Structures are given as structure tokens and as C-alpha cells.
>>> print(open('entry-v7.pdb').read())   # PDB, C-alpha atoms, pLDDT in the B column
ATOM      1  CA  MET M  75       0.000   0.000   0.000  1.00 47.00           C
ATOM      2  CA  GLY M  76       1.988   3.057   1.188  1.00 41.00           C
ATOM      3  CA  ASN M  77       5.482   1.629   0.649  1.00 43.00           C
ATOM      4  CA  THR M  78       6.570   3.917  -2.154  1.00 44.00           C
ATOM      5  CA  GLN M  79       4.904   7.082  -0.890  1.00 51.00           C
ATOM      6  CA  THR M  80       6.097   9.662   1.591  1.00 66.00           C
ATOM      7  CA  THR M  81       2.500  10.228   2.701  1.00 82.00           C
ATOM      8  CA  LEU M  82      -0.454   7.900   2.928  1.00 92.00           C
ATOM      9  CA  SER M  83      -3.432   8.399   0.673  1.00 94.00           C
ATOM     10  CA  SER M  84      -6.984   8.370   2.017  1.00 94.00           C
ATOM     11  CA  GLU M  85      -7.442   4.952   0.429  1.00 96.00           C
ATOM     12  CA  ASP M  86      -4.318   3.646   2.154  1.00 95.00           C
ATOM     13  CA  LEU M  87      -5.530   4.943   5.512  1.00 96.00           C
ATOM     14  CA  ILE M  88      -8.909   3.295   5.068  1.00 95.00           C
ATOM     15  CA  TRP M  89      -7.273   0.009   4.046  1.00 96.00           C
ATOM     16  CA  TYR M  90      -4.880   0.005   7.022  1.00 97.00           C
ATOM     17  CA  GLU M  91      -7.683   0.918   9.421  1.00 96.00           C
ATOM     18  CA  GLU M  92      -9.788  -1.980   8.121  1.00 96.00           C
ATOM     19  CA  ASN M  93      -6.902  -4.477   8.182  1.00 96.00           C
ATOM     20  CA  THR M  94      -5.073  -3.607  11.399  1.00 96.00           C
ATOM     21  CA  PHE M  95      -6.088  -2.885  14.959  1.00 95.00           C
ATOM     22  CA  PHE M  96      -5.276   0.831  14.653  1.00 97.00           C
ATOM     23  CA  THR M  97      -7.140   4.060  14.133  1.00 95.00           C
ATOM     24  CA  LYS M  98      -6.279   6.442  11.287  1.00 95.00           C
ATOM     25  CA  ARG M  99      -4.496   8.729  13.764  1.00 96.00           C
ATOM     26  CA  GLU M 100      -2.348   5.843  15.040  1.00 96.00           C
ATOM     27  CA  ILE M 101      -1.549   4.715  11.491  1.00 97.00           C
ATOM     28  CA  ILE M 102      -0.352   8.222  10.572  1.00 96.00           C
ATOM     29  CA  LYS M 103       1.764   8.318  13.751  1.00 96.00           C
ATOM     30  CA  TYR M 104       3.352   4.930  12.941  1.00 96.00           C
ATOM     31  CA  HIS M 105       3.935   5.940   9.319  1.00 96.00           C
ATOM     32  CA  GLU M 106       5.776   9.059  10.487  1.00 94.00           C
ATOM     33  CA  ALA M 107       7.858   6.939  12.886  1.00 93.00           C
ATOM     34  CA  PHE M 108       8.628   4.489  10.082  1.00 94.00           C
ATOM     35  CA  LYS M 109       9.804   7.314   7.816  1.00 92.00           C
ATOM     36  CA  ARG M 110      12.129   8.557  10.585  1.00 90.00           C
ATOM     37  CA  LEU M 111      13.592   5.063  10.998  1.00 90.00           C
ATOM     38  CA  THR M 112      14.312   4.509   7.311  1.00 89.00           C
ATOM     39  CA  LYS M 113      17.570   5.804   5.950  1.00 76.00           C
ATOM     40  CA  SER M 114      17.996   8.447   3.246  1.00 75.00           C
ATOM     41  CA  GLY M 115      14.464   8.313   1.917  1.00 76.00           C
ATOM     42  CA  LYS M 116      14.306   4.533   1.471  1.00 83.00           C
ATOM     43  CA  THR M 117      10.907   2.924   1.630  1.00 87.00           C
ATOM     44  CA  TYR M 118      11.988   0.058   3.858  1.00 90.00           C
ATOM     45  CA  LEU M 119      13.965  -0.822   6.959  1.00 91.00           C
ATOM     46  CA  THR M 120      16.853  -3.227   6.677  1.00 87.00           C
ATOM     47  CA  GLN M 121      16.616  -6.245   8.926  1.00 88.00           C
ATOM     48  CA  PRO M 122      19.575  -5.041  11.080  1.00 88.00           C
ATOM     49  CA  ASP M 123      17.855  -1.650  11.533  1.00 89.00           C
ATOM     50  CA  PHE M 124      14.604  -3.385  12.462  1.00 92.00           C
ATOM     51  CA  LEU M 125      16.432  -5.513  15.039  1.00 92.00           C
ATOM     52  CA  ARG M 126      17.715  -2.336  16.722  1.00 90.00           C
ATOM     53  CA  LEU M 127      14.173  -1.193  17.555  1.00 92.00           C
ATOM     54  CA  HIS M 128      13.756  -0.629  21.283  1.00 91.00           C
ATOM     55  CA  GLU M 129      10.755  -2.982  21.311  1.00 87.00           C
ATOM     56  CA  LEU M 130      12.899  -5.860  20.013  1.00 92.00           C
ATOM     57  CA  ARG M 131      16.300  -5.169  21.498  1.00 89.00           C
ATOM     58  CA  LEU M 132      16.007  -7.644  24.398  1.00 91.00           C
ATOM     59  CA  ASN M 133      13.569 -10.109  22.856  1.00 94.00           C
ATOM     60  CA  PRO M 134      15.210 -13.559  22.538  1.00 95.00           C
ATOM     61  CA  PHE M 135      13.106 -14.232  19.420  1.00 96.00           C
ATOM     62  CA  LYS M 136      13.921 -10.959  17.650  1.00 96.00           C
ATOM     63  CA  GLU M 137      15.606 -12.652  14.660  1.00 94.00           C
ATOM     64  CA  ARG M 138      12.567 -14.888  14.119  1.00 96.00           C
ATOM     65  CA  ILE M 139      10.213 -11.926  14.489  1.00 97.00           C
ATOM     66  CA  ALA M 140      12.246 -10.035  11.896  1.00 95.00           C
ATOM     67  CA  SER M 141      12.178 -13.042   9.598  1.00 93.00           C
ATOM     68  CA  VAL M 142       8.410 -13.481   9.905  1.00 95.00           C
ATOM     69  CA  PHE M 143       7.701  -9.805   9.242  1.00 95.00           C
ATOM     70  CA  SER M 144      10.289  -9.208   6.518  1.00 92.00           C
ATOM     71  CA  THR M 145      10.373  -9.697   2.773  1.00 88.00           C
ATOM     72  CA  TYR M 146      13.212 -11.240   0.790  1.00 81.00           C
ATOM     73  CA  THR M 147      14.425  -8.733  -1.794  1.00 76.00           C
ATOM     74  CA  GLY M 148      16.187 -11.223  -4.019  1.00 68.00           C
ATOM     75  CA  GLU M 149      19.063  -8.798  -4.524  1.00 65.00           C
ATOM     76  CA  SER M 150      21.583 -10.974  -2.698  1.00 57.00           C
ATOM     77  CA  ASP M 151      21.436 -14.039  -0.502  1.00 47.00           C
ATOM     78  CA  GLY M 152      19.772 -13.207   2.792  1.00 56.00           C
ATOM     79  CA  ASP M 153      18.695  -9.644   1.952  1.00 77.00           C
ATOM     80  CA  ARG M 154      15.472  -9.092   3.841  1.00 85.00           C
ATOM     81  CA  VAL M 155      13.677  -5.810   4.390  1.00 91.00           C
ATOM     82  CA  ILE M 156      10.732  -4.563   6.397  1.00 93.00           C
ATOM     83  CA  THR M 157       8.298  -2.468   4.388  1.00 93.00           C
ATOM     84  CA  PHE M 158       5.709  -0.208   5.965  1.00 95.00           C
ATOM     85  CA  ASP M 159       3.105  -2.930   5.349  1.00 95.00           C
ATOM     86  CA  SER M 160       5.218  -5.387   7.353  1.00 95.00           C
ATOM     87  CA  PHE M 161       6.001  -2.781  10.012  1.00 96.00           C
ATOM     88  CA  ILE M 162       2.334  -1.948  10.604  1.00 97.00           C
ATOM     89  CA  ASP M 163       1.501  -5.688  10.637  1.00 96.00           C
ATOM     90  CA  PHE M 164       4.206  -6.216  13.267  1.00 96.00           C
ATOM     91  CA  LEU M 165       2.861  -3.404  15.437  1.00 96.00           C
ATOM     92  CA  SER M 166      -0.718  -4.567  14.943  1.00 96.00           C
ATOM     93  CA  VAL M 167      -0.006  -8.193  15.900  1.00 96.00           C
ATOM     94  CA  PHE M 168       1.772  -7.133  19.077  1.00 95.00           C
ATOM     95  CA  SER M 169      -0.845  -4.557  20.038  1.00 95.00           C
ATOM     96  CA  GLU M 170      -3.225  -5.159  22.930  1.00 95.00           C
ATOM     97  CA  GLU M 171      -6.167  -5.013  20.529  1.00 95.00           C
ATOM     98  CA  ALA M 172      -5.010  -7.961  18.401  1.00 96.00           C
ATOM     99  CA  THR M 173      -7.204 -11.034  18.770  1.00 96.00           C
ATOM    100  CA  HIS M 174      -5.964 -14.238  20.384  1.00 96.00           C
ATOM    101  CA  GLU M 175      -6.288 -15.937  16.998  1.00 96.00           C
ATOM    102  CA  VAL M 176      -3.992 -13.406  15.306  1.00 96.00           C
ATOM    103  CA  LYS M 177      -1.473 -13.602  18.143  1.00 97.00           C
ATOM    104  CA  ALA M 178      -1.529 -17.420  18.090  1.00 96.00           C
ATOM    105  CA  TYR M 179      -1.032 -17.505  14.311  1.00 97.00           C
ATOM    106  CA  TYR M 180       2.049 -15.293  14.492  1.00 97.00           C
ATOM    107  CA  ALA M 181       3.393 -16.971  17.640  1.00 97.00           C
ATOM    108  CA  PHE M 182       3.277 -20.271  15.775  1.00 97.00           C
ATOM    109  CA  ARG M 183       5.131 -18.757  12.814  1.00 97.00           C
ATOM    110  CA  ILE M 184       7.767 -17.265  15.113  1.00 97.00           C
ATOM    111  CA  TYR M 185       8.315 -20.530  17.040  1.00 97.00           C
ATOM    112  CA  ASP M 186       8.379 -22.671  13.887  1.00 97.00           C
ATOM    113  CA  PHE M 187      12.108 -22.075  13.423  1.00 97.00           C
ATOM    114  CA  ASN M 188      12.527 -24.598  10.609  1.00 95.00           C
ATOM    115  CA  GLU M 189       9.346 -23.344   8.905  1.00 95.00           C
ATOM    116  CA  ASP M 190       7.976 -26.821   8.272  1.00 96.00           C
ATOM    117  CA  GLY M 191       4.472 -26.083   9.556  1.00 95.00           C
ATOM    118  CA  TYR M 192       4.967 -27.972  12.838  1.00 94.00           C
ATOM    119  CA  ILE M 193       6.436 -27.229  16.249  1.00 93.00           C
ATOM    120  CA  ASP M 194       8.757 -30.206  16.467  1.00 93.00           C
ATOM    121  CA  GLU M 195      11.722 -31.226  18.609  1.00 94.00           C
ATOM    122  CA  GLU M 196      14.093 -29.067  16.552  1.00 96.00           C
ATOM    123  CA  ASP M 197      11.887 -26.025  17.177  1.00 96.00           C
ATOM    124  CA  LEU M 198      11.586 -26.829  20.902  1.00 95.00           C
ATOM    125  CA  THR M 199      15.368 -27.080  21.122  1.00 95.00           C
ATOM    126  CA  MET M 200      15.790 -23.690  19.452  1.00 95.00           C
ATOM    127  CA  MET M 201      13.159 -22.137  21.744  1.00 95.00           C
ATOM    128  CA  LEU M 202      14.909 -23.435  24.860  1.00 95.00           C
ATOM    129  CA  LYS M 203      18.284 -22.172  23.649  1.00 94.00           C
ATOM    130  CA  LYS M 204      16.787 -18.722  23.009  1.00 94.00           C
ATOM    131  CA  ILE M 205      14.850 -18.543  26.284  1.00 94.00           C
ATOM    132  CA  THR M 206      17.720 -19.754  28.454  1.00 93.00           C
ATOM    133  CA  VAL M 207      20.350 -17.765  26.525  1.00 88.00           C
ATOM    134  CA  ASP M 208      22.366 -20.970  26.079  1.00 76.00           C
ATOM    135  CA  SER M 209      22.690 -21.452  29.859  1.00 91.00           C
ATOM    136  CA  LEU M 210      21.517 -25.073  29.648  1.00 92.00           C
ATOM    137  CA  GLY M 211      23.733 -27.836  28.351  1.00 92.00           C
ATOM    138  CA  SER M 212      22.775 -30.112  25.464  1.00 92.00           C
ATOM    139  CA  ALA M 213      21.857 -32.965  27.802  1.00 95.00           C
ATOM    140  CA  GLU M 214      19.531 -30.720  29.838  1.00 95.00           C
ATOM    141  CA  ILE M 215      17.861 -29.352  26.726  1.00 94.00           C
ATOM    142  CA  ASP M 216      17.456 -32.850  25.271  1.00 94.00           C
ATOM    143  CA  ALA M 217      15.852 -34.046  28.531  1.00 94.00           C
ATOM    144  CA  ILE M 218      13.372 -31.170  28.525  1.00 93.00           C
ATOM    145  CA  VAL M 219      12.520 -31.654  24.846  1.00 93.00           C
ATOM    146  CA  ASP M 220      12.030 -35.400  25.403  1.00 91.00           C
ATOM    147  CA  LYS M 221       9.726 -34.722  28.365  1.00 90.00           C
ATOM    148  CA  VAL M 222       7.700 -32.085  26.493  1.00 88.00           C
ATOM    149  CA  SER M 223       7.350 -34.149  23.319  1.00 85.00           C
ATOM    150  CA  SER M 224       6.518 -37.471  25.031  1.00 82.00           C
ATOM    151  CA  PRO M 225       2.867 -38.502  25.222  1.00 77.00           C
ATOM    152  CA  GLY M 226       1.077 -37.140  28.274  1.00 69.00           C
ATOM    153  CA  PRO M 227      -1.593 -38.850  30.359  1.00 63.00           C
ATOM    154  CA  PHE M 228      -4.439 -37.193  28.464  1.00 56.00           C
ATOM    155  CA  GLN M 229      -3.161 -38.295  25.063  1.00 56.00           C
ATOM    156  CA  LYS M 230      -3.694 -41.943  26.043  1.00 54.00           C
ATOM    157  CA  ASP M 231      -7.428 -41.305  26.387  1.00 52.00           C
ATOM    158  CA  LEU M 232      -7.851 -39.719  22.953  1.00 49.00           C
ATOM    159  CA  PRO M 233      -9.548 -41.843  20.317  1.00 53.00           C
ATOM    160  CA  ASP M 234      -7.486 -42.897  17.328  1.00 56.00           C
ATOM    161  CA  ALA M 235      -7.932 -40.387  14.488  1.00 51.00           C
ATOM    162  CA  SER M 236      -7.887 -43.057  11.776  1.00 49.00           C
TER     163      SER M 236
END
>>> encode(input="entry-v7.pdb", output="C-alpha cells")
Amino acid sequence: MGNTQTTLSSEDLIWYEENTFFTKREIIKYHEAFKRLTKSGKTYLTQPDFLRLHELRLNPFKERIASVFSTYTGESDGDRVITFDSFIDFLSVFSEEATHEVKAYYAFRIYDFNEDGYIDEEDLTMMLKKITVDSLGSAEIDAIVDKVSSPGPFQKDLPDAS
């Protein structure tokens, strides 16, 4: 929508208001903030610039958040940028007004490190390493992952899906 413009059109404002959890006034405020964050008139934030945002600085999942909300430019291997569309989506998802369904959808995408559509043992291992800032050893992490991924008492009572 407003990625290549220095100001938002009325149509853009209406679209963002209908598709985010923000008012027009908030959208304008965030667009102005986005313009201040971008460098030399660019219409996007680089992933390193995005990761320096105060809101992400201490988040152990900041790289995954940046990956989920960024777009691959195709210019060189690993070049990812955050457009205003992605920026406003990011702010909207993490706002208090976002629904539980929206938050759950994005939480799943963030925690699915290997992006295979499942939260598996590899993802659990990565989560534990991020949360504990590598303070647990491999054996401790493996034990936790084994415990979390083993069948629980309630799973025994579930009927077979086949």
C-alpha cells in the first residue's frame, strides 16, 4: 500500500484501518515513525535496523520476528527488508487489541524455526536455547525436549484419528 509514498493516501488509511487494529491517527503516527527510521528516503527498513528497535532489542526471538515480518528482496542471498506494510503488521499483531487468533497464528510462525508447519523437537530445542540464553547444556535441553514431546496422560485417552 503506502510503501513507495512519503505520505499515505486516504485509500491507504482506510485500508490500514480496516486491516489492522489501529485508528487512522495511530496509522499516521506509525507511518511518520517508520519514515524517521528509514535511511535516506528509502521505503523500507533493513533487517539489522529493524532488530535495533527498542521494542525488540532484548527479545530472545527478535531474529525470528524479523524473519516473519520481513520480505526477501532477491538482490543478494539473505537480503530481507521490512516495508511499511510489514512494520504496521508487526505493530498490529503485538498490540493489545489484536485477537488471540492473530497472536496465536504469528506466535506459531515465530516458534516454527525450521518453517515446516509444525512445532517439532528441533523447534523446541531452538526455543529453549533462546529462552535460556544458552545457559543449559545439550543434555539438559534434550531431557526437557524429550519430556515435552513425550505422550502425556491425556493423550492416552484420545480416540485414534484413523
>>> resolve_selection(input="entry-v7.pdb", expression="the PyMOL selection byres ((chain M and resi 164) around 10)", output="ChimeraX atom specification")
/M:94,139-140,142-144,156,158-163,165-169,180
>>> residues_around(input="entry-v7.pdb", residues="region 101-114 of chain M", least_positions_apart="2", cutoff="12 Å", atoms="all atoms listed in the file", output="number ranges by chain")
M: 75-84, 86-99, 116-128, 155-166
>>> atom_distance(input="entry-v7.pdb", atom1="CA of Tyr185 (chain M)", atom2="CA of Met201 (chain M)")
6.9 Å
>>> resolve_selection(input="entry-v7.pdb", expression="the PyMOL selection byres ((chain M and resi 134) around 9)", output="MDAnalysis selection string")
chainID M and resid 130:133 135:138 201 204:207
>>> closest_residue(input="entry-v7.pdb", among="M:Asp216, M:Ala172, M:Ser141, M:Val222", to="Ile193 (chain M)", atoms="only C-alpha atoms")
M:Val222
>>> atom_distance(input="entry-v7.pdb", atom1="CA of Pro225 (chain M)", atom2="CA of Glu195 (chain M)")
13.2 Å
>>> atom_distance(input="entry-v7.pdb", atom1="CA of Glu129 (chain M)", atom2="CA of Ser209 (chain M)")
23.6 Å
>>> axis_aligned_box(input="entry-v7.pdb", around="region 84-89 of chain M", padding_each_side="4 Å", output="lines of an AutoDock Vina configuration file")
center_x = -6.6
center_y = 4.2
center_z = 3.0
size_x = 12.6
size_y = 16.4
size_z = 13.1
>>> residues_near_point(input="entry-v7.pdb", point="(9.7, -32.8, 24.1)", cutoff="12 Å", atoms="all atoms listed in the file", output="MDAnalysis selection string")
chainID M and resid 193:202 214:226
>>> decode(input="entry-v7.pdb", residues="region 135-209 of chain M", atoms="C-alpha atoms", output="PDB file, in the first residue's frame")
ATOM      1  CA  PHE M 135      13.106 -14.232  19.420  1.00  0.00           C
ATOM      2  CA  LYS M 136      13.921 -10.959  17.650  1.00  0.00           C
ATOM      3  CA  GLU M 137      15.606 -12.652  14.660  1.00  0.00           C
ATOM      4  CA  ARG M 138      12.567 -14.888  14.119  1.00  0.00           C
ATOM      5  CA  ILE M 139      10.213 -11.926  14.489  1.00  0.00           C
ATOM      6  CA  ALA M 140      12.246 -10.035  11.896  1.00  0.00           C
ATOM      7  CA  SER M 141      12.178 -13.042   9.598  1.00  0.00           C
ATOM      8  CA  VAL M 142       8.410 -13.481   9.905  1.00  0.00           C
ATOM      9  CA  PHE M 143       7.701  -9.805   9.242  1.00  0.00           C
ATOM     10  CA  SER M 144      10.289  -9.208   6.518  1.00  0.00           C
ATOM     11  CA  THR M 145      10.373  -9.697   2.773  1.00  0.00           C
ATOM     12  CA  TYR M 146      13.212 -11.240   0.790  1.00  0.00           C
ATOM     13  CA  THR M 147      14.425  -8.733  -1.794  1.00  0.00           C
ATOM     14  CA  GLY M 148      16.187 -11.223  -4.019  1.00  0.00           C
ATOM     15  CA  GLU M 149      19.063  -8.798  -4.524  1.00  0.00           C
ATOM     16  CA  SER M 150      21.583 -10.974  -2.698  1.00  0.00           C
ATOM     17  CA  ASP M 151      21.436 -14.039  -0.502  1.00  0.00           C
ATOM     18  CA  GLY M 152      19.772 -13.207   2.792  1.00  0.00           C
ATOM     19  CA  ASP M 153      18.695  -9.644   1.952  1.00  0.00           C
ATOM     20  CA  ARG M 154      15.472  -9.092   3.841  1.00  0.00           C
ATOM     21  CA  VAL M 155      13.677  -5.810   4.390  1.00  0.00           C
ATOM     22  CA  ILE M 156      10.732  -4.563   6.397  1.00  0.00           C
ATOM     23  CA  THR M 157       8.298  -2.468   4.388  1.00  0.00           C
ATOM     24  CA  PHE M 158       5.709  -0.208   5.965  1.00  0.00           C
ATOM     25  CA  ASP M 159       3.105  -2.930   5.349  1.00  0.00           C
ATOM     26  CA  SER M 160       5.218  -5.387   7.353  1.00  0.00           C
ATOM     27  CA  PHE M 161       6.001  -2.781  10.012  1.00  0.00           C
ATOM     28  CA  ILE M 162       2.334  -1.948  10.604  1.00  0.00           C
ATOM     29  CA  ASP M 163       1.501  -5.688  10.637  1.00  0.00           C
ATOM     30  CA  PHE M 164       4.206  -6.216  13.267  1.00  0.00           C
ATOM     31  CA  LEU M 165       2.861  -3.404  15.437  1.00  0.00           C
ATOM     32  CA  SER M 166      -0.718  -4.567  14.943  1.00  0.00           C
ATOM     33  CA  VAL M 167      -0.006  -8.193  15.900  1.00  0.00           C
ATOM     34  CA  PHE M 168       1.772  -7.133  19.077  1.00  0.00           C
ATOM     35  CA  SER M 169      -0.845  -4.557  20.038  1.00  0.00           C
ATOM     36  CA  GLU M 170      -3.225  -5.159  22.930  1.00  0.00           C
ATOM     37  CA  GLU M 171      -6.167  -5.013  20.529  1.00  0.00           C
ATOM     38  CA  ALA M 172      -5.010  -7.961  18.401  1.00  0.00           C
ATOM     39  CA  THR M 173      -7.204 -11.034  18.770  1.00  0.00           C
ATOM     40  CA  HIS M 174      -5.964 -14.238  20.384  1.00  0.00           C
ATOM     41  CA  GLU M 175      -6.288 -15.937  16.998  1.00  0.00           C
ATOM     42  CA  VAL M 176      -3.992 -13.406  15.306  1.00  0.00           C
ATOM     43  CA  LYS M 177      -1.473 -13.602  18.143  1.00  0.00           C
ATOM     44  CA  ALA M 178      -1.529 -17.420  18.090  1.00  0.00           C
ATOM     45  CA  TYR M 179      -1.032 -17.505  14.311  1.00  0.00           C
ATOM     46  CA  TYR M 180       2.049 -15.293  14.492  1.00  0.00           C
ATOM     47  CA  ALA M 181       3.393 -16.971  17.640  1.00  0.00           C
ATOM     48  CA  PHE M 182       3.277 -20.271  15.775  1.00  0.00           C
ATOM     49  CA  ARG M 183       5.131 -18.757  12.814  1.00  0.00           C
ATOM     50  CA  ILE M 184       7.767 -17.265  15.113  1.00  0.00           C
ATOM     51  CA  TYR M 185       8.315 -20.530  17.040  1.00  0.00           C
ATOM     52  CA  ASP M 186       8.379 -22.671  13.887  1.00  0.00           C
ATOM     53  CA  PHE M 187      12.108 -22.075  13.423  1.00  0.00           C
ATOM     54  CA  ASN M 188      12.527 -24.598  10.609  1.00  0.00           C
ATOM     55  CA  GLU M 189       9.346 -23.344   8.905  1.00  0.00           C
ATOM     56  CA  ASP M 190       7.976 -26.821   8.272  1.00  0.00           C
ATOM     57  CA  GLY M 191       4.472 -26.083   9.556  1.00  0.00           C
ATOM     58  CA  TYR M 192       4.967 -27.972  12.838  1.00  0.00           C
ATOM     59  CA  ILE M 193       6.436 -27.229  16.249  1.00  0.00           C
ATOM     60  CA  ASP M 194       8.757 -30.206  16.467  1.00  0.00           C
ATOM     61  CA  GLU M 195      11.722 -31.226  18.609  1.00  0.00           C
ATOM     62  CA  GLU M 196      14.093 -29.067  16.552  1.00  0.00           C
ATOM     63  CA  ASP M 197      11.887 -26.025  17.177  1.00  0.00           C
ATOM     64  CA  LEU M 198      11.586 -26.829  20.902  1.00  0.00           C
ATOM     65  CA  THR M 199      15.368 -27.080  21.122  1.00  0.00           C
ATOM     66  CA  MET M 200      15.790 -23.690  19.452  1.00  0.00           C
ATOM     67  CA  MET M 201      13.159 -22.137  21.744  1.00  0.00           C
ATOM     68  CA  LEU M 202      14.909 -23.435  24.860  1.00  0.00           C
ATOM     69  CA  LYS M 203      18.284 -22.172  23.649  1.00  0.00           C
ATOM     70  CA  LYS M 204      16.787 -18.722  23.009  1.00  0.00           C
ATOM     71  CA  ILE M 205      14.850 -18.543  26.284  1.00  0.00           C
ATOM     72  CA  THR M 206      17.720 -19.754  28.454  1.00  0.00           C
ATOM     73  CA  VAL M 207      20.350 -17.765  26.525  1.00  0.00           C
ATOM     74  CA  ASP M 208      22.366 -20.970  26.079  1.00  0.00           C
ATOM     75  CA  SER M 209      22.690 -21.452  29.859  1.00  0.00           C
TER      76      SER M 209
END
